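Step one of this worksheet: look at the structure below.
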Amino acid sequence: MDKSAKELRIVYMGTPDFAVEPLRALVDGGYNVVAVVTMPDKPAGRGQKMQRSAVGQYATEQGLPLLQPEKLKSEEFVETFNALEVDLGIVVAFRMLPEVIWNAPKLGTFNLHASLLPQYRGAAPINWAIINGDKKSGVTTFFLNHHIDEGAIIEQAEVEITEDESAGSLHDKLMWRGTELVVSTVEKIAAGNFEPLPQYAECELRSAPKIFKDDCHIDFGCNGEQIVNFVRGLSPYPAAWFALSDILSVKVFKAHFEPAEVKGEVGTIATDDRTYIKVTCADGYIYLDELQLSGKRRMAVADLLRGFRGIADYRAI
């Protein structure tokens, strides 16, 4: 195809905040985004007002043509998509596309995934990389095919996972690095100076399945390092949690570990009622640094203790 990168007719597909920055970079860079596809508006908040996705809001602000199909296989959407004469499709944090859509663009459709594929295929790669204690993560662009997250790799870029990294901070790191990668990938595809690499598994693969509330429950019978990684990997959302004696739910956003020879039972709570709350785990103590009681705001442990006395009378279960 004899077109420069900025002449390619691009359709961009995405939904959350993570997908806004790559789209912004394409628009600001003068690339030819002929349409944006996102989820239909949904009711949200106490008033259940209809709310547009982050990508949809940005597209509307920029005056970009916006498509919000209920069904991606619907005859109406397929006809509209084909009429756009798309050269390249780009997917960032969207839903699974049918072949009739991903195979329609002349140069194919590529996806940005927040992991170093083939590791962490699935819906929650950022969370699981931290939960599993990894020291690095990254982003990958790859062509869509019939199998989820298994298409040929175009480009990859690594980022470091620091010791105090949370899912929130890693999300932002990967978003910015992924933005650069999306633009770079468009340029490479237009120039034809790349060789797609099939995904070969040279080691045991870790999956990244969607995370539900029950998956976020803290097991204080685990080792301290595992628990801290678990908390970091779920902070700030959906957030790790435990129950105070099966009465009150507590979310934990930040914690640290003190190794020690444990004599008390796992789940025992100790505090000075001023500066710390610690919970006995398998090989020491978990200090709860930032937490949130049901119905309350998120706060530092010292702030919580000013209004909550007798927490040591409970157990962490």
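Starting from 1 in every chain, residues are counted up; chains themselves are A, B, ... following the order of the structure tokens, and ligands are numbered from 1 as listed.
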- request: Could you give me, as a PyMOL selection string, each residue of range 191-301 of chain A that DSSP assigns to strand (DSSP E) when run on this structure's backbone?
  value: chain A and resi 240-244+248-259+269-271+277-281+284-293+299-300
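Within the 8 Å cut-off around range 242-256 of chain A, using only C-alpha atoms and omitting residues fewer than 2 positions from it on the same chain, the listed residues are His217, Ile218, Val228, Val231, Arg232, Leu234, Ser235, Pro236, Ala239, Ala240, Glu258, Ile286, Tyr287, Leu288, Asp289, Glu290, Leu291, Gln292, Leu293, Ser294, Tyr314, Arg315, Ala316 and Ile317 of chain A.
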Output file for the selection above: C-alpha atoms, as a tab-separated table (two decimals), in the first residue's frame:
```tsv
chain	number	residue	atom	x	y	z
A	217	HIS	CA	-9.70	-11.56	49.99
A	218	ILE	CA	-6.44	-11.50	51.97
A	228	VAL	CA	2.24	-7.34	50.41
A	231	VAL	CA	-2.12	-5.75	48.29
A	232	ARG	CA	0.08	-3.83	45.82
A	234	LEU	CA	-4.90	-4.84	43.76
A	235	SER	CA	-4.34	-1.20	44.76
A	236	PRO	CA	-6.18	1.06	44.22
A	239	ALA	CA	-8.51	-3.44	46.38
A	240	ALA	CA	-7.50	-6.30	48.68
A	258	GLU	CA	8.09	-7.27	59.20
A	286	ILE	CA	1.69	-7.23	58.12
A	287	TYR	CA	1.49	-3.52	58.94
A	288	LEU	CA	-1.62	-1.91	57.46
A	289	ASP	CA	-0.55	1.54	56.25
A	290	GLU	CA	-3.57	2.73	54.24
A	291	LEU	CA	-7.02	1.24	54.62
A	292	GLN	CA	-10.74	1.86	54.36
A	293	LEU	CA	-13.55	0.65	56.59
A	294	SER	CA	-16.93	-0.10	55.03
A	314	TYR	CA	-11.17	-8.11	66.59
A	315	ARG	CA	-9.52	-10.74	64.40
A	316	ALA	CA	-8.52	-10.34	60.76
A	317	ILE	CA	-10.27	-13.10	58.83
```
- request: May I have all residues of range 94-129 of chain A that DSSP, computed from the backbone, assigns to helix (DSSP H, G or I), given as a PyMOL selection string?
  value: chain A and resi 99-102+125-129
Given the selection you just returned, output its residues as a file containing N, CA and C atoms, formatted as an mmCIF file, in the first residue's frame.
```cif
data_model
loop_
_atom_site.group_PDB
_atom_site.id
_atom_site.type_symbol
_atom_site.label_atom_id
_atom_site.label_comp_id
_atom_site.auth_asym_id
_atom_site.auth_seq_id
_atom_site.Cartn_x
_atom_site.Cartn_y
_atom_site.Cartn_z
ATOM 1 N N GLU A 99 -14.270 -11.712 13.602
ATOM 2 C CA GLU A 99 -13.370 -11.711 12.440
ATOM 3 C C GLU A 99 -13.832 -10.752 11.353
ATOM 4 N N VAL A 100 -15.127 -10.605 11.203
ATOM 5 C CA VAL A 100 -15.652 -9.739 10.154
ATOM 6 C C VAL A 100 -15.203 -8.291 10.353
ATOM 7 N N ILE A 101 -14.817 -7.939 11.580
ATOM 8 C CA ILE A 101 -14.297 -6.592 11.859
ATOM 9 C C ILE A 101 -12.777 -6.570 11.842
ATOM 10 N N TRP A 102 -12.119 -7.453 12.617
ATOM 11 C CA TRP A 102 -10.651 -7.351 12.717
ATOM 12 C C TRP A 102 -9.950 -7.702 11.401
ATOM 13 N N PRO A 125 -3.611 -8.189 33.232
ATOM 14 C CA PRO A 125 -2.160 -8.439 33.252
ATOM 15 C C PRO A 125 -1.399 -7.550 34.221
ATOM 16 N N ILE A 126 -1.848 -6.320 34.414
ATOM 17 C CA ILE A 126 -1.138 -5.400 35.315
ATOM 18 C C ILE A 126 -1.214 -5.910 36.749
ATOM 19 N N ASN A 127 -2.421 -6.279 37.180
ATOM 20 C CA ASN A 127 -2.602 -6.774 38.554
ATOM 21 C C ASN A 127 -1.779 -8.031 38.812
ATOM 22 N N TRP A 128 -1.874 -8.995 37.901
ATOM 23 C CA TRP A 128 -1.251 -10.293 38.158
ATOM 24 C C TRP A 128 0.273 -10.238 38.148
ATOM 25 N N ALA A 129 0.851 -9.345 37.357
ATOM 26 C CA ALA A 129 2.318 -9.233 37.343
ATOM 27 C C ALA A 129 2.836 -8.819 38.719
#
```
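The neighbours of Leu144 in chain A here are the residues that come within 9 Å of it, using only C-alpha atoms and leaving out any residue fewer than 2 positions away in the same chain; they are A:Leu97, A:Glu99, A:Trp102, A:Asn103, A:Gly108, A:Thr109, A:Phe110, A:Asn111, A:Phe142, A:His146, A:His147, A:Ile148, A:Asp149, A:Glu150, A:Gly151, A:Ala152.
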Using the selection just defined, write its residues with N, CA and C atoms as a PDB file, in the first residue's frame.
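Once written, again-v2.pdb looks like this:
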```
ATOM      1  N   LEU A  97     -13.179  -8.739  19.275  1.00  0.00           N
ATOM      2  CA  LEU A  97     -13.751  -8.401  17.976  1.00  0.00           C
ATOM      3  C   LEU A  97     -14.070  -9.652  17.169  1.00  0.00           C
ATOM      4  N   GLU A  99     -14.270 -11.712  13.602  1.00  0.00           N
ATOM      5  CA  GLU A  99     -13.370 -11.711  12.440  1.00  0.00           C
ATOM      6  C   GLU A  99     -13.832 -10.752  11.353  1.00  0.00           C
ATOM      7  N   TRP A 102     -12.119  -7.453  12.617  1.00  0.00           N
ATOM      8  CA  TRP A 102     -10.651  -7.351  12.717  1.00  0.00           C
ATOM      9  C   TRP A 102      -9.950  -7.702  11.401  1.00  0.00           C
ATOM     10  N   ASN A 103     -10.623  -8.456  10.539  1.00  0.00           N
ATOM     11  CA  ASN A 103     -10.005  -8.857   9.276  1.00  0.00           C
ATOM     12  C   ASN A 103     -10.343  -7.908   8.129  1.00  0.00           C
ATOM     13  N   GLY A 108      -4.752  -4.944   8.331  1.00  0.00           N
ATOM     14  CA  GLY A 108      -5.009  -5.718   9.536  1.00  0.00           C
ATOM     15  C   GLY A 108      -5.389  -4.843  10.723  1.00  0.00           C
ATOM     16  N   THR A 109      -5.537  -5.487  11.877  1.00  0.00           N
ATOM     17  CA  THR A 109      -5.883  -4.805  13.133  1.00  0.00           C
ATOM     18  C   THR A 109      -4.889  -5.236  14.190  1.00  0.00           C
ATOM     19  N   PHE A 110      -4.305  -4.254  14.888  1.00  0.00           N
ATOM     20  CA  PHE A 110      -3.390  -4.622  15.966  1.00  0.00           C
ATOM     21  C   PHE A 110      -3.935  -4.179  17.311  1.00  0.00           C
ATOM     22  N   ASN A 111      -3.495  -4.871  18.356  1.00  0.00           N
ATOM     23  CA  ASN A 111      -3.929  -4.628  19.728  1.00  0.00           C
ATOM     24  C   ASN A 111      -2.726  -4.238  20.575  1.00  0.00           C
ATOM     25  N   PHE A 142       0.396  -6.445  18.811  1.00  0.00           N
ATOM     26  CA  PHE A 142       0.325  -7.689  18.037  1.00  0.00           C
ATOM     27  C   PHE A 142      -0.913  -7.667  17.151  1.00  0.00           C
ATOM     28  N   HIS A 146      -7.582 -15.409  15.310  1.00  0.00           N
ATOM     29  CA  HIS A 146      -8.724 -16.132  15.856  1.00  0.00           C
ATOM     30  C   HIS A 146      -8.587 -16.477  17.344  1.00  0.00           C
ATOM     31  N   HIS A 147      -7.394 -16.306  17.917  1.00  0.00           N
ATOM     32  CA  HIS A 147      -7.163 -16.703  19.305  1.00  0.00           C
ATOM     33  C   HIS A 147      -6.869 -15.477  20.163  1.00  0.00           C
ATOM     34  N   ILE A 148      -7.428 -15.419  21.356  1.00  0.00           N
ATOM     35  CA  ILE A 148      -7.298 -14.248  22.221  1.00  0.00           C
ATOM     36  C   ILE A 148      -5.842 -14.037  22.647  1.00  0.00           C
ATOM     37  N   ASP A 149      -5.304 -12.863  22.334  1.00  0.00           N
ATOM     38  CA  ASP A 149      -3.952 -12.444  22.748  1.00  0.00           C
ATOM     39  C   ASP A 149      -2.844 -13.360  22.223  1.00  0.00           C
ATOM     40  N   GLU A 150      -3.076 -14.021  21.106  1.00  0.00           N
ATOM     41  CA  GLU A 150      -2.076 -14.965  20.602  1.00  0.00           C
ATOM     42  C   GLU A 150      -1.533 -14.607  19.220  1.00  0.00           C
ATOM     43  N   GLY A 151      -1.877 -13.439  18.707  1.00  0.00           N
ATOM     44  CA  GLY A 151      -1.429 -13.058  17.375  1.00  0.00           C
ATOM     45  C   GLY A 151       0.048 -12.729  17.303  1.00  0.00           C
ATOM     46  N   ALA A 152       0.554 -12.571  16.076  1.00  0.00           N
ATOM     47  CA  ALA A 152       1.979 -12.295  15.847  1.00  0.00           C
ATOM     48  C   ALA A 152       2.374 -10.940  16.425  1.00  0.00           C
TER      49      ALA A 152
END
```
task: List the neighbours of range 4-11 of chain A out to 6 Å using only C-alpha atoms; skip same-chain residues closer than 5 positions along the sequence, and give me the result as a PyMOL selection string.
output: chain A and resi 31-36+86-89+187+190
Preceding selection exported with N, CA and C atoms as a PDB file, in the first residue's frame:
```
ATOM      1  N   TYR A  31      -2.390  11.969  12.722  1.00  0.00           N
ATOM      2  CA  TYR A  31      -2.771  10.727  12.040  1.00  0.00           C
ATOM      3  C   TYR A  31      -4.258  10.776  11.688  1.00  0.00           C
ATOM      4  N   ASN A  32      -4.633  10.034  10.660  1.00  0.00           N
ATOM      5  CA  ASN A  32      -5.971  10.124  10.074  1.00  0.00           C
ATOM      6  C   ASN A  32      -6.941   9.144  10.741  1.00  0.00           C
ATOM      7  N   VAL A  33      -7.437   9.505  11.918  1.00  0.00           N
ATOM      8  CA  VAL A  33      -8.404   8.669  12.638  1.00  0.00           C
ATOM      9  C   VAL A  33      -9.791   8.980  12.076  1.00  0.00           C
ATOM     10  N   VAL A  34     -10.322   8.066  11.270  1.00  0.00           N
ATOM     11  CA  VAL A  34     -11.588   8.334  10.571  1.00  0.00           C
ATOM     12  C   VAL A  34     -12.805   7.981  11.416  1.00  0.00           C
ATOM     13  N   ALA A  35     -12.614   7.198  12.483  1.00  0.00           N
ATOM     14  CA  ALA A  35     -13.714   6.880  13.399  1.00  0.00           C
ATOM     15  C   ALA A  35     -13.152   6.265  14.673  1.00  0.00           C
ATOM     16  N   VAL A  36     -13.928   6.403  15.753  1.00  0.00           N
ATOM     17  CA  VAL A  36     -13.606   5.796  17.037  1.00  0.00           C
ATOM     18  C   VAL A  36     -14.775   4.900  17.434  1.00  0.00           C
ATOM     19  N   VAL A  86     -11.340   1.195   5.775  1.00  0.00           N
ATOM     20  CA  VAL A  86     -10.285   1.265   6.791  1.00  0.00           C
ATOM     21  C   VAL A  86      -8.990   0.615   6.295  1.00  0.00           C
ATOM     22  N   ASP A  87      -7.887   1.308   6.503  1.00  0.00           N
ATOM     23  CA  ASP A  87      -6.576   0.735   6.194  1.00  0.00           C
ATOM     24  C   ASP A  87      -6.013  -0.033   7.390  1.00  0.00           C
ATOM     25  N   LEU A  88      -6.244   0.504   8.612  1.00  0.00           N
ATOM     26  CA  LEU A  88      -5.636  -0.094   9.804  1.00  0.00           C
ATOM     27  C   LEU A  88      -6.576   0.052  10.999  1.00  0.00           C
ATOM     28  N   GLY A  89      -6.796  -1.059  11.692  1.00  0.00           N
ATOM     29  CA  GLY A  89      -7.569  -1.034  12.932  1.00  0.00           C
ATOM     30  C   GLY A  89      -6.638  -1.086  14.127  1.00  0.00           C
ATOM     31  N   GLU A 187       3.742   3.556  12.444  1.00  0.00           N
ATOM     32  CA  GLU A 187       4.815   3.934  11.516  1.00  0.00           C
ATOM     33  C   GLU A 187       5.463   2.710  10.882  1.00  0.00           C
ATOM     34  N   ALA A 190       3.080   1.074   8.308  1.00  0.00           N
ATOM     35  CA  ALA A 190       3.001   1.882   7.086  1.00  0.00           C
ATOM     36  C   ALA A 190       4.251   1.716   6.221  1.00  0.00           C
TER      37      ALA A 190
END
```
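CA of Asn223 in chain A is positioned 28.6 Å from CA of Lys296 in chain A.
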message: Residues within 9 Å of Pro16 in chain A, please, as a VMD selection string. Count only C-alpha atoms; anything in the same chain fewer than 5 positions from it doesn't count.
response: chain A and resid 53 to 56 92 to 94
- prompt: Which is closest to Leu197 in chain A among A:Glu163, A:Glu61, A:Asp28, A:Glu155, if we use only C-alpha atoms?
  reply: A:Glu155
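Considering the residues A:Ile227, A:Leu170, A:Cys222, A:Ala114 and counting only C-alpha atoms, Ala19 in chain A has its shortest atom-to-atom contact with A:Ala114.
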task: Give me the residues within 12 Å of Asn193 in chain A as a list in words, counting only C-alpha atoms and dropping any in the same chain fewer than 5 places off.
output: Ile154, Glu155, Ser184, Thr185, Val186, Glu187 and Lys188 of chain A
Next, the residues of the selection above should be written as an mmCIF file, in the first residue's frame with C-alpha atoms.
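Saved file part12.cif follows:
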```
data_model
loop_
_atom_site.group_PDB
_atom_site.id
_atom_site.type_symbol
_atom_site.label_atom_id
_atom_site.label_comp_id
_atom_site.auth_asym_id
_atom_site.auth_seq_id
_atom_site.Cartn_x
_atom_site.Cartn_y
_atom_site.Cartn_z
ATOM 1 C CA ILE A 154 4.919 -6.430 16.125
ATOM 2 C CA GLU A 155 6.750 -4.610 18.927
ATOM 3 C CA SER A 184 5.723 3.511 16.597
ATOM 4 C CA THR A 185 3.729 0.474 15.449
ATOM 5 C CA VAL A 186 1.620 2.560 13.056
ATOM 6 C CA GLU A 187 4.815 3.934 11.516
ATOM 7 C CA LYS A 188 6.353 0.477 11.146
#
```
If you count only C-alpha atoms, which residues fall within 10 Å of Asp303 in chain A, apart from same-chain ones fewer than 4 positions away, as a CSV table (one decimal) with N, CA and C atoms, in the first residue's frame?
```
chain,number,residue,atom,x,y,z
A,274,ARG,N,-2.4,4.4,68.1
A,274,ARG,CA,-2.0,5.7,67.7
A,274,ARG,C,-1.3,5.7,66.3
A,275,THR,N,-0.4,4.8,66.1
A,275,THR,CA,0.5,4.9,64.9
A,275,THR,C,0.5,3.6,64.0
A,290,GLU,N,-2.4,2.0,54.8
A,290,GLU,CA,-3.6,2.7,54.2
A,290,GLU,C,-4.7,1.8,54.1
A,291,LEU,N,-5.9,2.2,54.6
A,291,LEU,CA,-7.0,1.2,54.6
A,291,LEU,C,-8.3,2.0,54.6
A,298,ARG,N,-11.0,6.3,52.4
A,298,ARG,CA,-9.7,5.7,52.5
A,298,ARG,C,-8.8,6.7,53.3
A,299,MET,N,-8.0,6.1,54.2
A,299,MET,CA,-7.2,7.0,55.1
A,299,MET,C,-5.9,6.2,55.6
A,307,GLY,N,-10.2,7.7,65.3
A,307,GLY,CA,-11.7,7.5,65.4
A,307,GLY,C,-12.1,6.1,65.6
A,308,PHE,N,-11.2,5.2,65.8
A,308,PHE,CA,-11.6,3.7,65.9
A,308,PHE,C,-10.7,3.2,67.1
```
task: Counting only C-alpha atoms, figure out which residue out of A:Leu304, A:Leu205, A:Ile130, A:Ala83 gets nearest to Gly168 in chain A.
output: A:Ile130
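Comparing A:Asp214, A:Thr280, A:Ala157, A:Glu180 by their smallest distance to Arg24 in chain A, the closest is A:Glu180 (using only C-alpha atoms).
If only C-alpha atoms are the atoms counted, then among A:Ala208, A:Ile189, A:Leu67, A:Ala104 the closest residue to Arg121 in chain A is A:Ala208.
Relative to CA of Asp219 in chain A, CA of Gly284 in chain A is found at 13.5 Å.
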- prompt: Using only C-alpha atoms, which of A:Phe220, A:Leu66, A:Gln48, A:Asn82 sits nearest Thr268 in chain A?
  reply: A:Phe220
